[in-house]
file model.cif (mmCIF, C-alpha atoms and all ligand atoms)
data_query
#
loop_
_atom_site.label_atom_id
_atom_site.label_comp_id
_atom_site.auth_asym_id
_atom_site.auth_seq_id
_atom_site.Cartn_x
_atom_site.Cartn_y
_atom_site.Cartn_z
CA MET A 12 -196.20 42.26 10.90
CA THR A 13 -192.78 42.33 9.24
CA THR A 14 -192.61 43.90 5.83
CA LEU A 15 -190.84 41.85 3.20
CA ASP A 16 -187.77 43.21 1.46
CA PRO A 17 -188.86 44.48 -2.02
CA ALA A 18 -186.11 42.37 -3.59
CA LEU A 19 -187.61 39.29 -1.95
CA LEU A 20 -191.10 40.21 -3.09
CA GLU A 21 -189.78 40.62 -6.62
CA ARG A 22 -188.34 37.11 -6.54
CA ILE A 23 -191.56 35.66 -5.14
CA GLU A 24 -193.52 37.29 -7.92
CA ALA A 25 -191.06 35.97 -10.50
CA LEU A 26 -191.40 32.48 -9.04
CA ARG A 27 -195.20 32.74 -8.98
CA ALA A 28 -195.15 33.68 -12.65
CA LYS A 29 -192.73 30.85 -13.48
CA TYR A 30 -194.92 28.17 -11.87
CA ALA A 31 -198.18 29.73 -13.11
CA ALA A 32 -196.86 29.43 -16.67
CA SER A 33 -197.01 25.64 -16.29
CA GLY A 34 -200.26 25.65 -14.29
CA GLN A 35 -198.55 25.08 -10.92
CA GLU A 36 -199.04 26.78 -7.55
CA LEU A 37 -195.99 28.45 -6.04
CA ILE A 38 -197.21 27.70 -2.53
CA ASP A 39 -196.92 23.93 -3.11
CA PHE A 40 -193.31 24.35 -4.19
CA LEU A 41 -192.60 26.50 -1.12
CA ASP A 42 -193.97 23.68 1.04
CA GLY A 43 -191.60 21.34 -0.77
CA LEU A 44 -188.70 23.65 0.07
CA LEU A 45 -189.66 23.62 3.75
CA GLU A 46 -189.56 19.83 3.75
CA ALA A 47 -186.37 19.36 1.70
CA ASP A 48 -182.94 18.75 3.24
CA TYR A 49 -179.96 20.91 2.37
CA ILE A 50 -177.93 19.49 -0.49
CA THR A 51 -174.49 18.24 0.53
CA TYR A 52 -171.26 18.11 -1.45
CA TRP A 53 -171.20 14.30 -1.44
CA ASP A 54 -174.81 13.94 -2.61
CA TYR A 55 -174.48 16.60 -5.27
CA ILE A 56 -171.53 14.96 -7.01
CA ARG A 57 -172.68 11.41 -6.18
CA LEU A 58 -169.39 10.81 -4.43
CA ASP A 59 -170.23 7.49 -2.79
CA SER A 60 -171.31 6.04 -6.14
CA LEU A 61 -168.22 7.42 -7.84
CA LEU A 62 -165.85 5.97 -5.25
CA SER A 63 -167.55 2.57 -5.39
CA LEU A 64 -166.72 2.08 -9.06
CA GLN A 65 -163.16 0.77 -8.67
CA GLN A 66 -163.32 -3.03 -8.66
CA PRO A 67 -159.92 -4.65 -9.30
CA ARG A 68 -159.82 -8.22 -10.58
CA THR A 69 -156.47 -9.05 -8.96
CA PRO A 70 -154.81 -8.17 -5.61
CA HIS A 71 -151.95 -6.22 -7.29
CA HIS A 72 -151.44 -2.79 -5.68
CA ASP A 73 -151.17 -1.02 -9.05
CA GLU A 74 -154.34 -2.32 -10.67
CA PRO A 75 -156.56 0.37 -9.05
CA ILE A 76 -154.27 3.01 -10.60
CA PHE A 77 -154.92 1.49 -14.01
CA ILE A 78 -158.68 1.39 -13.43
CA MET A 79 -158.93 4.90 -12.00
CA TYR A 80 -156.84 6.51 -14.71
CA HIS A 81 -159.06 4.93 -17.37
CA GLN A 82 -162.11 6.23 -15.52
CA ILE A 83 -160.57 9.70 -15.27
CA THR A 84 -159.90 9.58 -19.02
CA GLU A 85 -163.47 8.52 -19.81
CA LEU A 86 -164.74 11.47 -17.72
CA TYR A 87 -162.53 13.81 -19.73
CA PHE A 88 -163.83 12.18 -22.92
CA LYS A 89 -167.33 12.92 -21.63
CA LEU A 90 -166.34 16.57 -21.16
CA VAL A 91 -165.05 16.64 -24.74
CA LEU A 92 -168.29 15.12 -26.07
CA HIS A 93 -170.27 17.62 -24.02
CA GLU A 94 -168.62 20.37 -26.07
CA LEU A 95 -168.66 18.57 -29.41
CA ASP A 96 -172.33 17.59 -29.13
CA ALA A 97 -173.24 21.22 -28.47
CA ALA A 98 -171.13 22.33 -31.44
CA VAL A 99 -172.73 19.76 -33.77
CA ALA A 100 -176.25 20.75 -32.64
CA ALA A 101 -175.67 24.45 -33.41
CA PRO A 102 -176.91 25.96 -36.71
CA MET A 103 -174.75 25.25 -39.75
CA PRO A 104 -172.59 28.06 -41.13
CA GLY A 105 -174.02 29.42 -44.35
CA THR A 106 -177.63 29.04 -43.15
CA ALA A 107 -179.86 31.93 -42.14
CA ASP A 108 -179.61 30.95 -38.45
CA TRP A 109 -175.81 31.24 -38.36
CA THR A 110 -174.48 34.42 -36.72
CA PRO A 111 -170.96 35.65 -35.83
CA ALA A 112 -171.76 34.71 -32.22
CA HIS A 113 -171.85 31.07 -33.38
CA THR A 114 -168.26 31.39 -34.63
CA GLU A 115 -167.20 32.57 -31.19
CA ALA A 116 -169.11 29.75 -29.51
CA LEU A 117 -167.50 27.18 -31.84
CA THR A 118 -164.06 28.61 -31.13
CA GLU A 119 -164.70 28.26 -27.41
CA HIS A 120 -165.97 24.65 -27.76
CA VAL A 121 -162.84 23.81 -29.72
CA ARG A 122 -160.51 25.44 -27.17
CA ARG A 123 -162.15 23.54 -24.32
CA CYS A 124 -161.73 20.21 -26.11
CA THR A 125 -158.04 20.94 -26.71
CA ARG A 126 -157.63 21.86 -23.03
CA TYR A 127 -159.20 18.56 -21.90
CA PHE A 128 -157.04 16.46 -24.22
CA GLY A 129 -154.04 18.55 -23.14
CA ALA A 130 -154.75 17.69 -19.51
CA LEU A 131 -154.89 14.01 -20.47
CA GLU A 132 -151.62 14.23 -22.35
CA GLN A 133 -149.94 15.96 -19.39
CA SER A 134 -151.27 13.45 -16.87
CA PHE A 135 -150.47 10.35 -18.92
CA ALA A 136 -147.31 9.95 -16.82
CA VAL A 137 -149.65 8.38 -14.25
CA MET A 138 -149.62 5.43 -16.67
CA THR A 139 -146.28 5.84 -18.42
CA ASP A 140 -144.18 6.13 -15.27
CA GLY A 141 -146.61 5.47 -12.45
CA MET A 142 -147.04 1.70 -12.39
CA ASN A 143 -144.73 -1.15 -11.63
CA ARG A 144 -144.13 -2.93 -14.93
CA GLU A 145 -143.93 -6.42 -13.45
CA GLN A 146 -147.25 -5.94 -11.70
CA PHE A 147 -148.83 -4.48 -14.83
CA LEU A 148 -147.71 -7.45 -16.92
CA ARG A 149 -149.34 -9.76 -14.41
CA PHE A 150 -152.69 -8.05 -13.75
CA ARG A 151 -153.24 -7.31 -17.47
CA MET A 152 -153.51 -11.06 -18.06
CA ALA A 153 -156.75 -11.00 -16.06
CA LEU A 154 -158.15 -8.34 -18.43
CA ILE A 155 -157.88 -10.06 -21.83
CA PRO A 156 -159.63 -9.38 -24.22
CA ALA A 157 -160.62 -5.94 -22.80
CA SER A 158 -158.69 -2.99 -24.25
CA GLY A 159 -158.87 0.80 -24.42
CA PHE A 160 -159.53 0.00 -28.08
CA GLN A 161 -163.09 -0.57 -26.88
CA SER A 162 -163.58 3.03 -25.70
CA GLY A 163 -166.84 4.02 -27.37
CA GLN A 164 -166.51 7.67 -26.38
CA TYR A 165 -163.11 7.92 -28.09
CA ARG A 166 -164.74 6.83 -31.36
CA MET A 167 -167.67 9.19 -30.88
CA ILE A 168 -165.26 12.08 -30.39
CA GLU A 169 -163.57 11.44 -33.71
CA MET A 170 -166.92 10.97 -35.44
CA ALA A 171 -168.04 14.42 -34.22
CA MET A 172 -164.74 16.06 -35.23
CA ALA A 173 -163.92 14.53 -38.60
CA ARG A 174 -165.95 13.67 -41.69
CA LEU A 175 -166.22 9.88 -41.90
CA ASN A 176 -164.49 10.02 -45.31
CA GLU A 177 -161.30 11.05 -43.46
CA LEU A 178 -161.65 8.16 -40.99
CA VAL A 179 -161.86 5.43 -43.62
CA HIS A 180 -158.91 3.02 -43.42
CA LEU A 181 -155.93 4.57 -45.16
CA ASP A 182 -155.64 1.69 -47.66
CA VAL A 183 -159.02 2.58 -49.24
CA ARG A 184 -159.50 6.20 -48.09
CA ALA A 185 -158.89 7.75 -51.50
CA ALA A 186 -161.46 5.45 -53.10
CA TYR A 187 -164.15 6.65 -50.68
CA ALA A 188 -163.33 10.37 -50.84
CA GLY A 189 -166.60 11.11 -52.67
CA GLU A 190 -168.83 8.60 -50.84
CA THR A 191 -171.84 10.26 -49.20
CA ASP A 192 -173.54 7.37 -47.39
CA PRO A 193 -172.39 7.54 -43.74
CA LEU A 194 -173.12 3.85 -43.12
CA VAL A 195 -170.99 2.74 -46.08
CA LEU A 196 -168.17 4.87 -44.66
CA LEU A 197 -168.66 3.61 -41.10
CA ASP A 198 -168.26 0.05 -42.41
CA ARG A 199 -164.78 0.97 -43.63
CA ILE A 200 -163.64 3.00 -40.62
CA TYR A 201 -159.95 2.52 -39.82
CA TRP A 202 -160.33 0.69 -36.51
CA ARG A 203 -162.43 -2.10 -38.04
CA GLY A 204 -159.23 -3.28 -39.70
CA GLY A 205 -157.17 -2.58 -36.58
CA ALA A 206 -158.16 -5.57 -34.50
CA THR A 207 -158.07 -8.44 -36.92
CA ILE A 208 -155.98 -11.59 -36.78
CA ALA A 209 -153.13 -10.92 -39.23
CA ALA A 210 -152.93 -14.45 -40.66
CA THR A 211 -156.67 -14.93 -41.32
CA GLY A 212 -158.08 -11.39 -41.42
CA GLU A 213 -160.73 -12.56 -38.95
CA LYS A 214 -162.00 -10.10 -36.34
CA THR A 215 -160.56 -10.41 -32.84
CA LEU A 216 -162.90 -11.05 -29.93
CA THR A 217 -162.09 -7.50 -28.75
CA LEU A 218 -163.50 -6.10 -32.00
CA LYS A 219 -166.50 -8.44 -32.12
CA GLN A 220 -167.53 -7.47 -28.60
CA PHE A 221 -166.97 -3.78 -29.31
CA GLU A 222 -169.16 -3.88 -32.41
CA ALA A 223 -171.88 -5.85 -30.65
CA LYS A 224 -172.09 -3.24 -27.89
CA TYR A 225 -171.86 -0.06 -29.96
CA ALA A 226 -172.97 -0.92 -33.53
CA LYS A 227 -176.41 0.67 -33.15
CA GLU A 228 -175.16 3.79 -31.33
CA PHE A 229 -172.34 4.32 -33.83
CA SER A 230 -174.73 4.00 -36.79
CA GLU A 231 -177.13 6.50 -35.25
CA ARG A 232 -174.29 8.90 -34.54
CA ALA A 233 -172.81 8.50 -38.01
CA VAL A 234 -176.16 9.47 -39.53
CA GLY A 235 -176.82 12.19 -36.92
CA VAL A 236 -173.52 14.03 -37.39
CA HIS A 237 -173.36 13.52 -41.18
CA GLY A 238 -172.72 16.90 -42.80
CA ARG A 239 -172.64 18.63 -39.40
CA THR A 240 -169.23 17.66 -37.97
CA ILE A 241 -166.69 20.23 -36.82
CA SER A 242 -164.83 19.54 -40.06
CA ASP A 243 -167.95 20.19 -42.18
CA ARG A 244 -168.43 23.51 -40.36
CA ALA A 245 -164.81 24.58 -40.78
CA ARG A 246 -164.96 23.68 -44.48
CA VAL A 247 -168.06 25.82 -45.10
CA LEU A 248 -166.53 28.73 -43.19
CA GLU A 249 -163.29 28.35 -45.14
CA GLN A 250 -165.13 28.26 -48.49
CA ARG A 251 -167.12 31.37 -47.56
CA GLY A 252 -163.96 33.18 -46.44
CA GLU A 253 -165.38 33.39 -42.90
CA LEU A 254 -162.94 31.17 -41.02
CA THR A 255 -161.41 33.50 -38.41
CA ASP A 256 -157.72 33.23 -37.55
CA ALA A 257 -158.63 32.31 -33.97
CA LEU A 258 -160.85 29.42 -35.09
CA ARG A 259 -158.35 28.22 -37.68
CA GLU A 260 -155.58 28.17 -35.07
CA GLY A 261 -157.88 26.55 -32.50
CA LEU A 262 -158.84 23.79 -34.95
CA ARG A 263 -155.25 23.04 -35.86
CA GLU A 264 -154.34 22.84 -32.18
CA LEU A 265 -157.24 20.48 -31.52
CA ASP A 266 -156.35 18.23 -34.46
CA HIS A 267 -152.74 17.97 -33.37
CA GLN A 268 -153.63 17.47 -29.72
CA VAL A 269 -156.20 14.71 -30.36
CA ASN A 270 -154.58 12.99 -33.32
CA VAL A 271 -150.85 13.33 -32.60
CA ARG A 272 -149.92 14.43 -29.07
CA TRP A 273 -152.29 12.22 -27.06
CA PRO A 274 -151.73 9.16 -29.33
CA MET A 275 -147.94 9.64 -29.11
CA GLN A 276 -148.07 9.69 -25.30
CA HIS A 277 -150.30 6.62 -25.35
CA LEU A 278 -147.94 4.89 -27.80
CA LYS A 279 -144.97 5.68 -25.56
CA THR A 280 -146.82 4.00 -22.69
CA ALA A 281 -147.65 0.93 -24.75
CA GLY A 282 -143.97 0.77 -25.71
CA ARG A 283 -142.80 0.98 -22.11
CA TYR A 284 -145.02 -1.86 -20.90
CA LEU A 285 -145.39 -4.13 -23.88
CA ALA A 286 -142.08 -3.98 -25.76
CA LYS A 287 -139.15 -6.30 -25.09
CA GLN A 288 -141.40 -9.12 -24.09
CA PRO A 289 -141.06 -12.67 -25.36
CA SER A 290 -144.26 -12.09 -27.36
CA ASP A 291 -143.25 -8.57 -28.26
CA THR A 292 -146.44 -7.37 -29.86
CA ARG A 293 -149.13 -9.06 -27.79
CA ALA A 294 -151.63 -6.52 -26.55
CA THR A 295 -154.77 -7.32 -24.61
CA GLY A 296 -156.88 -6.28 -27.60
CA GLY A 297 -154.81 -8.35 -30.00
CA THR A 298 -153.77 -5.65 -32.50
CA ASN A 299 -150.34 -5.56 -34.03
CA TRP A 300 -149.96 -2.33 -32.05
CA PRO A 301 -146.53 -1.13 -33.27
CA LYS A 302 -148.02 -1.09 -36.77
CA TYR A 303 -151.49 0.04 -35.72
CA LEU A 304 -151.08 2.77 -33.08
CA PRO A 305 -148.51 5.24 -34.52
CA PRO A 306 -150.29 8.37 -35.85
CA LYS A 307 -147.96 8.39 -38.86
CA PHE A 308 -149.38 5.03 -40.00
CA GLN A 309 -153.04 5.77 -39.23
CA LEU A 310 -152.78 9.30 -40.66
CA ARG A 311 -155.95 10.36 -38.88
CA ILE A 312 -156.36 14.07 -39.60
CA ALA A 313 -159.69 15.65 -38.72
CA PHE A 314 -159.17 18.88 -40.68
CA PRO A 315 -156.78 17.95 -43.52
CA PHE A 316 -157.60 21.13 -45.47
CA LEU A 317 -156.10 23.24 -42.66
CA TRP A 318 -152.65 21.65 -43.06
CA SER A 319 -150.10 22.07 -45.84
CA ASP A 320 -148.97 19.06 -47.91
CA ALA A 321 -145.67 19.07 -46.01
CA GLU A 322 -147.44 19.13 -42.65
CA ARG A 323 -149.70 16.24 -43.63
CA ASP A 324 -146.76 14.26 -45.01
CA SER A 325 -144.88 14.55 -41.72
CA TRP A 326 -147.97 13.89 -39.53
CA GLY A 327 -146.90 12.20 -36.31
CA SER A 328 -143.24 11.94 -37.29
C1 LIG B 401 -150.33 0.92 -19.45
C2 LIG B 401 -151.26 1.59 -20.11
C3 LIG B 401 -151.73 1.27 -21.49
C4 LIG B 401 -151.26 0.38 -22.41
C5 LIG B 401 -150.07 -0.57 -22.27
C6 LIG B 401 -152.10 0.47 -23.57
C7 LIG B 401 -151.97 -0.28 -24.72
C8 LIG B 401 -152.78 -0.24 -25.82
C9 LIG B 401 -152.67 -1.05 -26.99
C10 LIG B 401 -151.60 -2.09 -27.21
C11 LIG B 401 -153.66 -0.70 -27.85
C12 LIG B 401 -153.97 -1.31 -29.21
C13 LIG B 401 -155.22 -2.15 -29.12
C14 LIG B 401 -154.94 -3.49 -28.49
O1 LIG B 401 -154.43 -4.36 -29.19
O2 LIG B 401 -155.21 -3.66 -27.29
C15 LIG B 401 -154.42 0.33 -27.22
C16 LIG B 401 -155.48 0.98 -27.79
C17 LIG B 401 -156.16 2.01 -27.21
N1 LIG B 401 -156.02 2.44 -25.92
FE1 LIG B 401 -154.54 1.96 -24.64
N2 LIG B 401 -153.05 1.43 -23.36
C18 LIG B 401 -152.87 1.94 -22.09
C19 LIG B 401 -153.62 2.92 -21.49
C20 LIG B 401 -154.71 3.52 -22.04
C21 LIG B 401 -155.51 4.50 -21.39
C22 LIG B 401 -155.29 5.07 -19.98
C23 LIG B 401 -156.49 4.83 -22.24
C24 LIG B 401 -157.60 5.79 -21.95
C25 LIG B 401 -158.88 5.47 -22.17
C26 LIG B 401 -156.32 4.07 -23.45
C27 LIG B 401 -157.11 4.17 -24.57
C28 LIG B 401 -156.88 3.48 -25.73
C29 LIG B 401 -157.61 3.72 -26.96
C30 LIG B 401 -158.66 4.80 -27.19
C31 LIG B 401 -157.14 2.82 -27.89
C32 LIG B 401 -157.55 2.72 -29.36
C33 LIG B 401 -156.57 3.58 -30.17
C34 LIG B 401 -156.81 3.51 -31.66
O3 LIG B 401 -157.69 2.78 -32.13
O4 LIG B 401 -156.10 4.23 -32.37
N3 LIG B 401 -155.21 3.29 -23.30
N4 LIG B 401 -153.87 0.59 -25.98
#
call {"tool": "encode", "arguments": {"input": "model.cif", "output": "structure tokens", "more": "lines below"}}
Ligand code: HEM
result
Amino acid sequence: MTTLDPALLERIEALRAKYAASGQELIDFLDGLLEADYITYWDYIRLDSLLSLQQPRTPHHDEPIFIMYHQITELYFKLVLHELDAAVAAPMPGTADWTPAHTEALTEHVRRCTRYFGALEQSFAVMTDGMNREQFLRFRMALIPASGFQSGQYRMIEMAMARLNELVHLDVRAAYAGETDPLVLLDRIYWRGGATIAATGEKTLTLKQFEAKYAKEFSERAVGVHGRTISDRARVLEQRGELTDALREGLRELDHQVNVRWPMQHLKTAGRYLAKQPSDTRATGGTNWPKYLPPKFQLRIAFPFLWSDAERDSWGS
């Protein structure tokens, strides 16, 4: 009879204890292991499903580029939310559960988000320079009224980063500075005014569809993150004199990356494809985009208290 390696015996005992804790028999799980196939690369990352998700609506060669780059972006957005959701779920600074280790964890979450948005900014040339403009102008007509404006994850990212008071449309932001009801604030969020028909003020179809799909999720998120956003955390740390230099710098980087650098690259792309057309400002989502998209007009700043007056005044310039 072969004697089992003590290290192996130790693992078996650990496994026995693990399954026993939930009233299970290790031997049944070992039988399962004997039956199971090896995992493969393609099954593990669901490759066949992933590669089946590109369904162009026209025969233009460049449309799959447009679809895939949006999908890549949404995956990066998912990475960002993965970090932000963990940060929002952590204990709040100033409570008994908060420890210095939480500051380090928050700093790391923030750095990762900046890195992901940085990768998106760097790779945006896939859109800006990587499609034939004539083809783009043709296949986009098959996409109306769909628009990146309808990216739910993008909105969830900003709701986890910034207090809703800072996301209220600039025209009425000051009036809602002290408002504490997240649903009142959500009703006045900047993008609700972004896709309206200028002459009538009526919502575009793009906006109506977007709200119909995400209204419930956005409301739940608005309530769920209220008082717990990255901005709320930074504010408490700042007030308590516990905001480390590393976190302060990381937060400023993130704010600038998400609210200036990525939007500027996106704006440049919109300019390259949509400007100098007969209907100069017509976007698939129907916004007056030259007035709507520039960061200097939206003045979206997640952590305004970390910037000087001069820095805020020249935001996105
Ligand atoms: C050729 C490429 C692109 C063009 C011409 C373009 C154009 C536009 C325009 C004109 C808008 C304003 C809303 C509208 O009226 O449709 C918009 C919004 C938006 N687009 Fe794009 N876009 C492009 C690529 C992308 C990509 C790859 C993403 C990644 C998901 C994206 C995400 C967004 C988001 C999040 C908004 C809302 C921005 C805001 O509300 O501030 N766009 N886009």
call {"tool": "closest_residue", "arguments": {"input": "model.cif", "among": "A:Glu85, A:Glu21, A:Asp42, A:Glu36", "to": "ligand LIG 401 (chain B)", "atoms": "only C-alpha atoms and all ligand atoms"}}
result
A:Glu85
call {"tool": "closest_residue", "arguments": {"input": "model.cif", "among": "A:Gly327, A:Gly205, A:Gly212, A:Pro17", "to": "ligand LIG 401 (chain B)", "atoms": "all atoms listed in the file"}}
result
A:Gly205
call {"tool": "closest_residue", "arguments": {"input": "model.cif", "among": "A:Gln309, A:Ser63, A:Thr139, A:Thr69", "to": "Ser328 of chain A", "atoms": "all atoms listed in the file"}}
result
A:Gln309
call {"tool": "closest_residue", "arguments": {"input": "model.cif", "among": "A:Thr211, A:Asn143, A:Thr84, A:Ser242", "to": "Gly159 of chain A", "atoms": "only C-alpha atoms"}}
result
A:Thr84
call {"tool": "residues_around", "arguments": {"input": "model.cif", "residues": "segment 172-189 of chain A", "least_positions_apart": "3", "cutoff": "6 Å", "atoms": "all atoms listed in the file", "output": "PyMOL selection string"}}
result
chain A and resi 169+199-201+240-242+313
call {"tool": "atom_distance", "arguments": {"input": "model.cif", "atom1": "atom CA of Gly235 of chain A", "atom2": "atom CA of Leu90 of chain A"}}
result
19.4 Å
call {"tool": "residues_near_point", "arguments": {"input": "model.cif", "point": "(-173.2, 5.8, -33.2)", "cutoff": "10 Å", "atoms": "all atoms listed in the file", "output": "list in words"}}
result
Gly163, Gln164, Arg166, Met167, Met170, Leu197, Tyr225, Ala226, Lys227, Glu228, Phe229, Ser230, Glu231, Arg232, Ala233, Val234, Gly235 and Val236 of chain A
call {"tool": "atom_distance", "arguments": {"input": "model.cif", "atom1": "atom CA of Arg122 of chain A", "atom2": "atom CA of Tyr165 of chain A"}}
result
17.7 Å
call {"tool": "closest_residue", "arguments": {"input": "model.cif", "among": "A:Ile208, A:Leu58, A:Arg239, A:Ala171", "to": "Ala101 of chain A", "atoms": "only C-alpha atoms"}}
result
A:Arg239
call {"tool": "atom_distance", "arguments": {"input": "model.cif", "atom1": "atom CA of Arg251 of chain A", "atom2": "atom CA of Arg263 of chain A"}}
result
18.6 Å
call {"tool": "residues_around", "arguments": {"input": "model.cif", "residues": "segment 217-223 of chain A", "least_positions_apart": "4", "cutoff": "8 Å", "atoms": "all atoms listed in the file", "output": "compact mmCIF listing (two decimals) with C-alpha atoms, keeping the file's coordinate frame"}}
result
# COMPACT_ATOMS: atom_id res chain seq x y z
CA PRO A 156 -159.63 -9.38 -24.22
CA ALA A 157 -160.62 -5.94 -22.80
CA SER A 158 -158.69 -2.99 -24.25
CA PHE A 160 -159.53 0.00 -28.08
CA GLN A 161 -163.09 -0.57 -26.88
CA ARG A 203 -162.43 -2.10 -38.04
CA ALA A 206 -158.16 -5.57 -34.50
CA THR A 207 -158.07 -8.44 -36.92
CA GLY A 296 -156.88 -6.28 -27.60
CA GLY A 297 -154.81 -8.35 -30.00
call {"tool": "residues_around", "arguments": {"input": "model.cif", "residues": "Trp273 of chain A", "least_positions_apart": "2", "cutoff": "9 Å", "atoms": "all atoms listed in the file", "output": "mmCIF file with C-alpha atoms, in the frame of the given file"}}
result
data_model
loop_
_atom_site.group_PDB
_atom_site.id
_atom_site.type_symbol
_atom_site.label_atom_id
_atom_site.label_comp_id
_atom_site.auth_asym_id
_atom_site.auth_seq_id
_atom_site.Cartn_x
_atom_site.Cartn_y
_atom_site.Cartn_z
ATOM 1 C CA PHE A 128 -157.040 16.460 -24.220
ATOM 2 C CA GLY A 129 -154.040 18.550 -23.140
ATOM 3 C CA LEU A 131 -154.890 14.010 -20.470
ATOM 4 C CA GLU A 132 -151.620 14.230 -22.350
ATOM 5 C CA GLN A 133 -149.940 15.960 -19.390
ATOM 6 C CA PHE A 135 -150.470 10.350 -18.920
ATOM 7 C CA HIS A 267 -152.740 17.970 -33.370
ATOM 8 C CA GLN A 268 -153.630 17.470 -29.720
ATOM 9 C CA VAL A 269 -156.200 14.710 -30.360
ATOM 10 C CA ASN A 270 -154.580 12.990 -33.320
ATOM 11 C CA VAL A 271 -150.850 13.330 -32.600
ATOM 12 C CA MET A 275 -147.940 9.640 -29.110
ATOM 13 C CA GLN A 276 -148.070 9.690 -25.300
ATOM 14 C CA HIS A 277 -150.300 6.620 -25.350
ATOM 15 C CA LEU A 278 -147.940 4.890 -27.800
#
